[in-house]
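Asker: Can you read through this structure? Questions will come right after.
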Amino acid sequence: MSHSSGVRQAQKQRTRQAFLDAALELLEEQSLSSLGLREVTRAVGVAPTAFYRHFPSIADLGVALVEEALGGLHPMISGTVSEAGDSGERVERAVALIARHVRAYPAHVRFVARERNGGVQAVRAAIAEQMDRFTEEVRAELARQPESAGWSDDDLLMLAGLYVDQMLMTASTFLEARPEEWEGVG
(Lines give C-alpha, C1' and ligand atoms only; values in the text may rest on other atoms or scores of the structure.)
Protein backbone atom coordinates (compact mmCIF):
# COMPACT_ATOMS: atom_id res chain seq x y z
CA MET A 1 0.00 0.00 0.00
CA SER A 2 1.40 3.39 -0.94
CA HIS A 3 1.79 6.14 1.62
CA SER A 4 -0.92 8.29 0.03
CA SER A 5 -3.46 5.45 -0.09
CA GLY A 6 -2.67 4.67 3.55
CA VAL A 7 -3.26 8.31 4.48
CA ARG A 8 -6.49 8.34 2.46
CA GLN A 9 -7.67 5.15 4.14
CA ALA A 10 -6.92 6.56 7.60
CA GLN A 11 -8.82 9.76 6.75
CA LYS A 12 -11.75 7.72 5.45
CA GLN A 13 -11.82 5.74 8.71
CA ARG A 14 -11.68 8.98 10.77
CA THR A 15 -14.60 10.42 8.79
CA ARG A 16 -16.60 7.21 9.20
CA GLN A 17 -15.96 7.30 12.95
CA ALA A 18 -16.95 10.99 13.00
CA PHE A 19 -20.31 10.00 11.48
CA LEU A 20 -20.79 7.31 14.13
CA ASP A 21 -19.82 9.65 16.96
CA ALA A 22 -22.01 12.50 15.69
CA ALA A 23 -24.99 10.20 15.24
CA LEU A 24 -24.54 8.76 18.71
CA GLU A 25 -24.47 12.25 20.19
CA LEU A 26 -27.55 13.32 18.24
CA LEU A 27 -29.34 10.13 19.32
CA GLU A 28 -29.06 11.12 22.99
CA GLU A 29 -32.34 13.02 22.56
CA GLN A 30 -34.07 11.32 19.64
CA SER A 31 -34.64 7.99 17.94
CA LEU A 32 -32.85 6.85 14.82
CA SER A 33 -36.06 7.03 12.79
CA SER A 34 -36.21 10.79 13.39
CA LEU A 35 -32.53 11.41 12.65
CA GLY A 36 -31.88 13.22 9.38
CA LEU A 37 -28.92 12.77 7.06
CA ARG A 38 -28.37 16.54 6.85
CA GLU A 39 -28.37 16.75 10.63
CA VAL A 40 -25.59 14.16 10.83
CA THR A 41 -23.49 15.65 8.03
CA ARG A 42 -23.85 19.14 9.54
CA ALA A 43 -22.57 17.79 12.87
CA VAL A 44 -19.57 16.22 11.10
CA GLY A 45 -18.99 19.31 8.95
CA VAL A 46 -19.17 17.63 5.56
CA ALA A 47 -21.45 17.85 2.53
CA PRO A 48 -24.47 15.52 2.59
CA THR A 49 -23.12 13.59 -0.41
CA ALA A 50 -20.04 12.62 1.66
CA PHE A 51 -22.28 10.50 3.87
CA TYR A 52 -22.90 8.03 1.03
CA ARG A 53 -19.20 7.24 0.74
CA HIS A 54 -19.47 5.62 4.15
CA PHE A 55 -23.08 4.40 4.55
CA PRO A 56 -25.81 3.65 2.01
CA SER A 57 -28.49 4.97 4.40
CA ILE A 58 -29.22 6.16 7.92
CA ALA A 59 -30.38 2.61 8.67
CA ASP A 60 -26.92 1.30 7.71
CA LEU A 61 -25.37 3.91 10.01
CA GLY A 62 -27.61 2.53 12.76
CA VAL A 63 -26.52 -1.04 12.03
CA ALA A 64 -22.88 0.08 12.28
CA LEU A 65 -23.70 1.67 15.66
CA VAL A 66 -25.17 -1.65 16.83
CA GLU A 67 -21.94 -3.43 15.86
CA GLU A 68 -19.88 -0.76 17.62
CA ALA A 69 -22.08 -0.95 20.73
CA LEU A 70 -22.40 -4.72 21.06
CA GLY A 71 -19.84 -6.44 18.85
CA GLY A 72 -16.95 -6.29 21.30
CA LEU A 73 -18.95 -7.51 24.28
CA HIS A 74 -19.18 -11.17 23.23
CA PRO A 75 -15.91 -12.38 24.83
CA MET A 76 -16.67 -10.47 28.03
CA ILE A 77 -20.19 -11.89 28.39
CA SER A 78 -19.23 -15.51 27.85
CA GLY A 79 -16.14 -15.02 30.03
CA THR A 80 -18.30 -13.71 32.85
CA VAL A 81 -20.51 -16.79 32.71
CA SER A 82 -17.70 -19.31 32.24
CA GLU A 83 -15.41 -18.18 35.07
CA ALA A 84 -15.32 -20.34 38.18
CA GLY A 85 -17.58 -19.62 41.08
CA ASP A 86 -21.14 -20.26 42.12
CA SER A 87 -24.14 -18.68 40.42
CA GLY A 88 -24.17 -15.79 42.90
CA GLU A 89 -20.59 -14.91 41.99
CA ARG A 90 -21.46 -15.10 38.29
CA VAL A 91 -24.34 -12.71 38.80
CA GLU A 92 -22.08 -10.31 40.71
CA ARG A 93 -19.52 -10.43 37.88
CA ALA A 94 -22.23 -9.82 35.30
CA VAL A 95 -23.63 -6.84 37.20
CA ALA A 96 -20.11 -5.41 37.63
CA LEU A 97 -19.44 -5.87 33.89
CA ILE A 98 -22.70 -4.14 33.02
CA ALA A 99 -21.97 -1.27 35.41
CA ARG A 100 -18.51 -0.74 33.91
CA HIS A 101 -19.91 -0.85 30.40
CA VAL A 102 -22.72 1.60 31.15
CA ARG A 103 -20.26 3.92 32.90
CA ALA A 104 -17.85 3.79 29.92
CA TYR A 105 -20.41 3.80 27.06
CA PRO A 106 -23.72 5.29 28.23
CA ALA A 107 -24.67 6.62 24.78
CA HIS A 108 -24.18 3.18 23.19
CA VAL A 109 -26.28 1.49 25.87
CA ARG A 110 -29.01 4.14 25.55
CA PHE A 111 -29.01 3.70 21.78
CA VAL A 112 -29.42 -0.09 21.99
CA ALA A 113 -32.08 0.11 24.71
CA ARG A 114 -34.09 2.68 22.72
CA GLU A 115 -33.68 1.13 19.29
CA ARG A 116 -34.25 -2.49 20.32
CA ASN A 117 -37.94 -1.86 19.77
CA GLY A 118 -37.55 1.25 17.59
CA GLY A 119 -38.83 2.16 14.17
CA VAL A 120 -35.88 1.15 11.99
CA GLN A 121 -36.33 -2.51 11.07
CA ALA A 122 -32.70 -3.10 10.00
CA VAL A 123 -31.46 -1.83 13.35
CA ARG A 124 -34.00 -3.89 15.31
CA ALA A 125 -32.86 -6.93 13.31
CA ALA A 126 -29.17 -6.18 13.99
CA ILE A 127 -29.84 -5.83 17.72
CA ALA A 128 -31.91 -9.03 17.73
CA GLU A 129 -29.08 -10.85 15.92
CA GLN A 130 -26.55 -9.68 18.50
CA MET A 131 -28.88 -10.63 21.37
CA ASP A 132 -29.40 -14.07 19.80
CA ARG A 133 -25.61 -14.49 19.60
CA PHE A 134 -25.28 -13.51 23.27
CA THR A 135 -28.05 -15.96 24.16
CA GLU A 136 -26.37 -18.81 22.27
CA GLU A 137 -22.98 -18.01 23.84
CA VAL A 138 -24.47 -17.95 27.33
CA ARG A 139 -26.37 -21.20 26.60
CA ALA A 140 -23.12 -22.87 25.56
CA GLU A 141 -21.37 -21.71 28.73
CA LEU A 142 -24.29 -22.78 30.93
CA ALA A 143 -24.23 -26.23 29.29
CA ARG A 144 -20.64 -26.63 30.52
CA GLN A 145 -21.60 -25.95 34.14
CA PRO A 146 -22.11 -28.96 36.41
CA GLU A 147 -25.37 -27.43 37.68
CA SER A 148 -26.80 -27.78 34.17
CA ALA A 149 -26.43 -31.55 33.98
CA GLY A 150 -29.68 -33.04 32.77
CA TRP A 151 -31.06 -29.78 31.36
CA SER A 152 -32.32 -29.88 27.79
CA ASP A 153 -30.87 -27.50 25.19
CA ASP A 154 -34.27 -25.79 24.96
CA ASP A 155 -34.32 -25.18 28.72
CA LEU A 156 -30.75 -23.87 28.67
CA LEU A 157 -31.58 -21.60 25.74
CA MET A 158 -34.61 -20.24 27.58
CA LEU A 159 -32.52 -19.61 30.72
CA ALA A 160 -29.77 -17.98 28.65
CA GLY A 161 -32.36 -15.73 27.01
CA LEU A 162 -33.57 -14.68 30.44
CA TYR A 163 -29.99 -13.89 31.48
CA VAL A 164 -29.40 -11.77 28.38
CA ASP A 165 -32.72 -9.92 28.73
CA GLN A 166 -31.96 -9.27 32.38
CA MET A 167 -28.53 -7.92 31.48
CA LEU A 168 -30.10 -5.40 29.09
CA MET A 169 -32.72 -4.42 31.68
CA THR A 170 -29.98 -4.00 34.28
CA ALA A 171 -28.04 -1.76 31.89
CA SER A 172 -31.17 0.33 31.32
CA THR A 173 -31.69 0.60 35.07
CA PHE A 174 -28.13 1.84 35.54
CA LEU A 175 -28.74 4.46 32.83
CA GLU A 176 -31.80 5.75 34.67
CA ALA A 177 -30.15 5.75 38.11
CA ARG A 178 -28.08 8.61 39.44
CA PRO A 179 -24.37 7.66 39.57
CA GLU A 180 -24.27 7.84 43.37
CA GLU A 181 -27.01 5.19 43.51
CA TRP A 182 -24.72 2.59 41.97
CA GLU A 183 -21.46 3.55 43.56
CA GLY A 184 -19.43 0.51 44.54
CA VAL A 185 -20.85 -1.60 41.71
CA GLY A 186 -18.34 -2.58 39.07
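Going through the C-alpha coordinates in order, the chains are called A, B, and so on, while each chain numbers its residues from 1 and the ligands are numbered from 1 in the order shown.
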Please run DSSP on the backbone and report, as a PyMOL selection string, all residues within stretch 53-174 of chain A that come out as alpha helix (DSSP H).

Answerer: chain A and resi 58-70+74-82+87-104+106-115+121-144+153-174

Asker: Write out as a CSV table (one decimal) with N, CA and C atoms, in the first residue's frame which residues come within 7 Å of stretch 36-48 of chain A when counting only C-alpha atoms, dropping same-chain ones fewer than 2 positions away.

Answerer:
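The resulting file, around-v7.csv, is reproduced below:
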```
chain,number,residue,atom,x,y,z
A,18,ALA,N,-16.3,9.7,12.7
A,18,ALA,CA,-16.9,11.0,13.0
A,18,ALA,C,-18.5,10.9,12.8
A,19,PHE,N,-18.9,10.2,11.7
A,19,PHE,CA,-20.3,10.0,11.5
A,19,PHE,C,-20.9,9.2,12.6
A,22,ALA,N,-21.0,11.4,15.8
A,22,ALA,CA,-22.0,12.5,15.7
A,22,ALA,C,-23.4,11.9,15.8
A,23,ALA,N,-23.7,10.8,15.2
A,23,ALA,CA,-25.0,10.2,15.2
A,23,ALA,C,-25.3,9.8,16.7
A,34,SER,N,-36.0,9.3,13.6
A,34,SER,CA,-36.2,10.8,13.4
A,34,SER,C,-34.9,11.5,13.0
A,50,ALA,N,-21.2,13.4,1.1
A,50,ALA,CA,-20.0,12.6,1.7
A,50,ALA,C,-20.5,11.4,2.5
A,51,PHE,N,-21.7,11.6,3.0
A,51,PHE,CA,-22.3,10.5,3.9
A,51,PHE,C,-22.3,9.2,3.1
A,58,ILE,N,-29.2,6.0,6.5
A,58,ILE,CA,-29.2,6.2,7.9
A,58,ILE,C,-29.4,4.8,8.6
```

Asker: If you count only C-alpha atoms, which residues fall within 10 Å of stretch 139-148 of chain A, apart from same-chain ones fewer than 2 positions away, as a PDB file with N, CA, C and O atoms, in the first residue's frame?

Answerer:
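And here's selection.pdb as it stands now:
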```
ATOM      1  N   ILE A  77     -18.964 -11.260  27.873  1.00  0.00           N
ATOM      2  CA  ILE A  77     -20.186 -11.886  28.391  1.00  0.00           C
ATOM      3  C   ILE A  77     -19.953 -13.369  28.643  1.00  0.00           C
ATOM      4  O   ILE A  77     -20.214 -13.875  29.728  1.00  0.00           O
ATOM      5  N   SER A  78     -19.437 -14.073  27.649  1.00  0.00           N
ATOM      6  CA  SER A  78     -19.231 -15.510  27.852  1.00  0.00           C
ATOM      7  C   SER A  78     -18.159 -15.755  28.903  1.00  0.00           C
ATOM      8  O   SER A  78     -18.250 -16.710  29.674  1.00  0.00           O
ATOM      9  N   GLY A  79     -17.158 -14.891  28.984  1.00  0.00           N
ATOM     10  CA  GLY A  79     -16.138 -15.024  30.030  1.00  0.00           C
ATOM     11  C   GLY A  79     -16.716 -14.849  31.414  1.00  0.00           C
ATOM     12  O   GLY A  79     -16.335 -15.551  32.359  1.00  0.00           O
ATOM     13  N   THR A  80     -17.661 -13.949  31.557  1.00  0.00           N
ATOM     14  CA  THR A  80     -18.298 -13.713  32.853  1.00  0.00           C
ATOM     15  C   THR A  80     -19.065 -14.948  33.307  1.00  0.00           C
ATOM     16  O   THR A  80     -19.037 -15.314  34.470  1.00  0.00           O
ATOM     17  N   VAL A  81     -19.729 -15.600  32.372  1.00  0.00           N
ATOM     18  CA  VAL A  81     -20.513 -16.786  32.710  1.00  0.00           C
ATOM     19  C   VAL A  81     -19.610 -17.996  32.937  1.00  0.00           C
ATOM     20  O   VAL A  81     -19.870 -18.821  33.812  1.00  0.00           O
ATOM     21  N   SER A  82     -18.511 -18.095  32.195  1.00  0.00           N
ATOM     22  CA  SER A  82     -17.696 -19.307  32.242  1.00  0.00           C
ATOM     23  C   SER A  82     -16.713 -19.340  33.411  1.00  0.00           C
ATOM     24  O   SER A  82     -16.246 -20.408  33.780  1.00  0.00           O
ATOM     25  N   GLU A  83     -16.382 -18.188  33.981  1.00  0.00           N
ATOM     26  CA  GLU A  83     -15.409 -18.181  35.071  1.00  0.00           C
ATOM     27  C   GLU A  83     -15.923 -18.982  36.257  1.00  0.00           C
ATOM     28  O   GLU A  83     -17.130 -19.098  36.480  1.00  0.00           O
ATOM     29  N   ALA A  84     -14.974 -19.512  37.020  1.00  0.00           N
ATOM     30  CA  ALA A  84     -15.319 -20.344  38.183  1.00  0.00           C
ATOM     31  C   ALA A  84     -16.095 -19.531  39.209  1.00  0.00           C
ATOM     32  O   ALA A  84     -16.026 -18.317  39.259  1.00  0.00           O
ATOM     33  N   ASP A  86     -19.742 -19.835  42.108  1.00  0.00           N
ATOM     34  CA  ASP A  86     -21.141 -20.258  42.124  1.00  0.00           C
ATOM     35  C   ASP A  86     -21.988 -19.249  41.347  1.00  0.00           C
ATOM     36  O   ASP A  86     -21.503 -18.233  40.867  1.00  0.00           O
ATOM     37  N   SER A  87     -23.276 -19.534  41.244  1.00  0.00           N
ATOM     38  CA  SER A  87     -24.136 -18.680  40.422  1.00  0.00           C
ATOM     39  C   SER A  87     -24.228 -17.268  40.989  1.00  0.00           C
ATOM     40  O   SER A  87     -24.330 -16.303  40.227  1.00  0.00           O
ATOM     41  N   ARG A 133     -26.997 -13.990  19.440  1.00  0.00           N
ATOM     42  CA  ARG A 133     -25.611 -14.490  19.602  1.00  0.00           C
ATOM     43  C   ARG A 133     -25.234 -14.564  21.076  1.00  0.00           C
ATOM     44  O   ARG A 133     -24.647 -15.546  21.528  1.00  0.00           O
ATOM     45  N   PHE A 134     -25.557 -13.499  21.825  1.00  0.00           N
ATOM     46  CA  PHE A 134     -25.284 -13.515  23.267  1.00  0.00           C
ATOM     47  C   PHE A 134     -25.998 -14.690  23.928  1.00  0.00           C
ATOM     48  O   PHE A 134     -25.421 -15.406  24.738  1.00  0.00           O
ATOM     49  N   THR A 135     -27.260 -14.887  23.565  1.00  0.00           N
ATOM     50  CA  THR A 135     -28.045 -15.964  24.163  1.00  0.00           C
ATOM     51  C   THR A 135     -27.412 -17.315  23.864  1.00  0.00           C
ATOM     52  O   THR A 135     -27.273 -18.151  24.761  1.00  0.00           O
ATOM     53  N   GLU A 136     -27.001 -17.535  22.634  1.00  0.00           N
ATOM     54  CA  GLU A 136     -26.369 -18.808  22.274  1.00  0.00           C
ATOM     55  C   GLU A 136     -25.039 -18.989  23.001  1.00  0.00           C
ATOM     56  O   GLU A 136     -24.717 -20.092  23.469  1.00  0.00           O
ATOM     57  N   GLU A 137     -24.257 -17.922  23.123  1.00  0.00           N
ATOM     58  CA  GLU A 137     -22.977 -18.009  23.838  1.00  0.00           C
ATOM     59  C   GLU A 137     -23.184 -18.319  25.315  1.00  0.00           C
ATOM     60  O   GLU A 137     -22.463 -19.140  25.896  1.00  0.00           O
ATOM     61  N   GLY A 150     -28.313 -32.566  32.882  1.00  0.00           N
ATOM     62  CA  GLY A 150     -29.681 -33.042  32.766  1.00  0.00           C
ATOM     63  C   GLY A 150     -30.640 -32.021  32.164  1.00  0.00           C
ATOM     64  O   GLY A 150     -31.791 -32.354  31.898  1.00  0.00           O
ATOM     65  N   TRP A 151     -30.198 -30.790  31.971  1.00  0.00           N
ATOM     66  CA  TRP A 151     -31.064 -29.780  31.362  1.00  0.00           C
ATOM     67  C   TRP A 151     -31.090 -29.986  29.853  1.00  0.00           C
ATOM     68  O   TRP A 151     -30.070 -30.284  29.238  1.00  0.00           O
ATOM     69  N   SER A 152     -32.232 -29.781  29.247  1.00  0.00           N
ATOM     70  CA  SER A 152     -32.321 -29.879  27.786  1.00  0.00           C
ATOM     71  C   SER A 152     -31.748 -28.599  27.172  1.00  0.00           C
ATOM     72  O   SER A 152     -31.664 -27.558  27.827  1.00  0.00           O
ATOM     73  N   ASP A 153     -31.366 -28.685  25.897  1.00  0.00           N
ATOM     74  CA  ASP A 153     -30.871 -27.498  25.188  1.00  0.00           C
ATOM     75  C   ASP A 153     -31.927 -26.397  25.158  1.00  0.00           C
ATOM     76  O   ASP A 153     -31.604 -25.217  25.281  1.00  0.00           O
ATOM     77  N   ASP A 154     -33.198 -26.794  24.985  1.00  0.00           N
ATOM     78  CA  ASP A 154     -34.273 -25.790  24.959  1.00  0.00           C
ATOM     79  C   ASP A 154     -34.375 -25.060  26.293  1.00  0.00           C
ATOM     80  O   ASP A 154     -34.557 -23.841  26.333  1.00  0.00           O
ATOM     81  N   ASP A 155     -34.262 -25.811  27.393  1.00  0.00           N
ATOM     82  CA  ASP A 155     -34.321 -25.183  28.721  1.00  0.00           C
ATOM     83  C   ASP A 155     -33.120 -24.271  28.948  1.00  0.00           C
ATOM     84  O   ASP A 155     -33.258 -23.172  29.485  1.00  0.00           O
ATOM     85  N   LEU A 156     -31.941 -24.711  28.529  1.00  0.00           N
ATOM     86  CA  LEU A 156     -30.746 -23.872  28.668  1.00  0.00           C
ATOM     87  C   LEU A 156     -30.846 -22.615  27.810  1.00  0.00           C
ATOM     88  O   LEU A 156     -30.444 -21.527  28.240  1.00  0.00           O
ATOM     89  N   LEU A 157     -31.407 -22.757  26.619  1.00  0.00           N
ATOM     90  CA  LEU A 157     -31.582 -21.603  25.740  1.00  0.00           C
ATOM     91  C   LEU A 157     -32.570 -20.610  26.355  1.00  0.00           C
ATOM     92  O   LEU A 157     -32.350 -19.395  26.308  1.00  0.00           O
ATOM     93  N   MET A 158     -33.643 -21.126  26.932  1.00  0.00           N
ATOM     94  CA  MET A 158     -34.610 -20.244  27.583  1.00  0.00           C
ATOM     95  C   MET A 158     -33.963 -19.512  28.757  1.00  0.00           C
ATOM     96  O   MET A 158     -34.099 -18.295  28.913  1.00  0.00           O
ATOM     97  N   LEU A 159     -33.203 -20.231  29.586  1.00  0.00           N
ATOM     98  CA  LEU A 159     -32.523 -19.614  30.722  1.00  0.00           C
ATOM     99  C   LEU A 159     -31.496 -18.586  30.234  1.00  0.00           C
ATOM    100  O   LEU A 159     -31.408 -17.477  30.783  1.00  0.00           O
ATOM    101  N   ALA A 160     -30.745 -18.919  29.201  1.00  0.00           N
ATOM    102  CA  ALA A 160     -29.766 -17.983  28.653  1.00  0.00           C
ATOM    103  C   ALA A 160     -30.454 -16.724  28.139  1.00  0.00           C
ATOM    104  O   ALA A 160     -29.963 -15.608  28.346  1.00  0.00           O
ATOM    105  N   GLY A 161     -31.593 -16.881  27.480  1.00  0.00           N
ATOM    106  CA  GLY A 161     -32.356 -15.727  27.005  1.00  0.00           C
ATOM    107  C   GLY A 161     -32.804 -14.839  28.155  1.00  0.00           C
ATOM    108  O   GLY A 161     -32.761 -13.606  28.057  1.00  0.00           O
ATOM    109  N   TYR A 163     -31.210 -14.566  31.038  1.00  0.00           N
ATOM    110  CA  TYR A 163     -29.988 -13.888  31.485  1.00  0.00           C
ATOM    111  C   TYR A 163     -29.696 -12.667  30.618  1.00  0.00           C
ATOM    112  O   TYR A 163     -29.414 -11.580  31.129  1.00  0.00           O
TER     113      TYR A 163
END
```

Asker: Set the distance at 12 Å and use only C-alpha atoms: which residues neighbour A:Gln121 once local chain neighbours fewer than 6 positions away are removed? I'd like the list as a PDB file with N, CA, C and O atoms, in the first residue's frame.

Answerer:
```pdb
ATOM      1  N   LEU A  32     -33.490   6.923  16.126  1.00  0.00           N
ATOM      2  CA  LEU A  32     -32.845   6.853  14.817  1.00  0.00           C
ATOM      3  C   LEU A  32     -33.830   7.180  13.705  1.00  0.00           C
ATOM      4  O   LEU A  32     -33.469   7.819  12.717  1.00  0.00           O
ATOM      5  N   SER A  33     -35.079   6.777  13.851  1.00  0.00           N
ATOM      6  CA  SER A  33     -36.065   7.028  12.790  1.00  0.00           C
ATOM      7  C   SER A  33     -36.331   8.513  12.584  1.00  0.00           C
ATOM      8  O   SER A  33     -36.797   8.909  11.515  1.00  0.00           O
ATOM      9  N   ILE A  58     -29.225   5.953   6.471  1.00  0.00           N
ATOM     10  CA  ILE A  58     -29.218   6.163   7.923  1.00  0.00           C
ATOM     11  C   ILE A  58     -29.400   4.817   8.628  1.00  0.00           C
ATOM     12  O   ILE A  58     -28.791   4.568   9.670  1.00  0.00           O
ATOM     13  N   ALA A  59     -30.197   3.931   8.060  1.00  0.00           N
ATOM     14  CA  ALA A  59     -30.384   2.606   8.666  1.00  0.00           C
ATOM     15  C   ALA A  59     -29.052   1.860   8.739  1.00  0.00           C
ATOM     16  O   ALA A  59     -28.749   1.217   9.756  1.00  0.00           O
ATOM     17  N   ASP A  60     -28.230   1.963   7.694  1.00  0.00           N
ATOM     18  CA  ASP A  60     -26.916   1.303   7.711  1.00  0.00           C
ATOM     19  C   ASP A  60     -25.988   1.934   8.740  1.00  0.00           C
ATOM     20  O   ASP A  60     -25.182   1.244   9.353  1.00  0.00           O
ATOM     21  N   GLY A  62     -27.096   3.128  11.527  1.00  0.00           N
ATOM     22  CA  GLY A  62     -27.612   2.531  12.759  1.00  0.00           C
ATOM     23  C   GLY A  62     -27.103   1.119  12.983  1.00  0.00           C
ATOM     24  O   GLY A  62     -26.734   0.743  14.103  1.00  0.00           O
ATOM     25  N   VAL A  63     -27.045   0.331  11.926  1.00  0.00           N
ATOM     26  CA  VAL A  63     -26.522  -1.040  12.032  1.00  0.00           C
ATOM     27  C   VAL A  63     -25.046  -1.002  12.442  1.00  0.00           C
ATOM     28  O   VAL A  63     -24.603  -1.800  13.279  1.00  0.00           O
ATOM     29  N   GLU A 115     -33.433   1.617  20.640  1.00  0.00           N
ATOM     30  CA  GLU A 115     -33.678   1.129  19.286  1.00  0.00           C
ATOM     31  C   GLU A 115     -34.049  -0.347  19.221  1.00  0.00           C
ATOM     32  O   GLU A 115     -34.467  -0.821  18.165  1.00  0.00           O
ATOM     33  N   ILE A 127     -29.858  -5.662  16.261  1.00  0.00           N
ATOM     34  CA  ILE A 127     -29.841  -5.828  17.716  1.00  0.00           C
ATOM     35  C   ILE A 127     -30.314  -7.228  18.075  1.00  0.00           C
ATOM     36  O   ILE A 127     -29.694  -7.910  18.908  1.00  0.00           O
ATOM     37  N   ALA A 128     -31.391  -7.681  17.459  1.00  0.00           N
ATOM     38  CA  ALA A 128     -31.906  -9.033  17.733  1.00  0.00           C
ATOM     39  C   ALA A 128     -30.856 -10.086  17.401  1.00  0.00           C
ATOM     40  O   ALA A 128     -30.679 -11.060  18.160  1.00  0.00           O
TER      41      ALA A 128
END
```
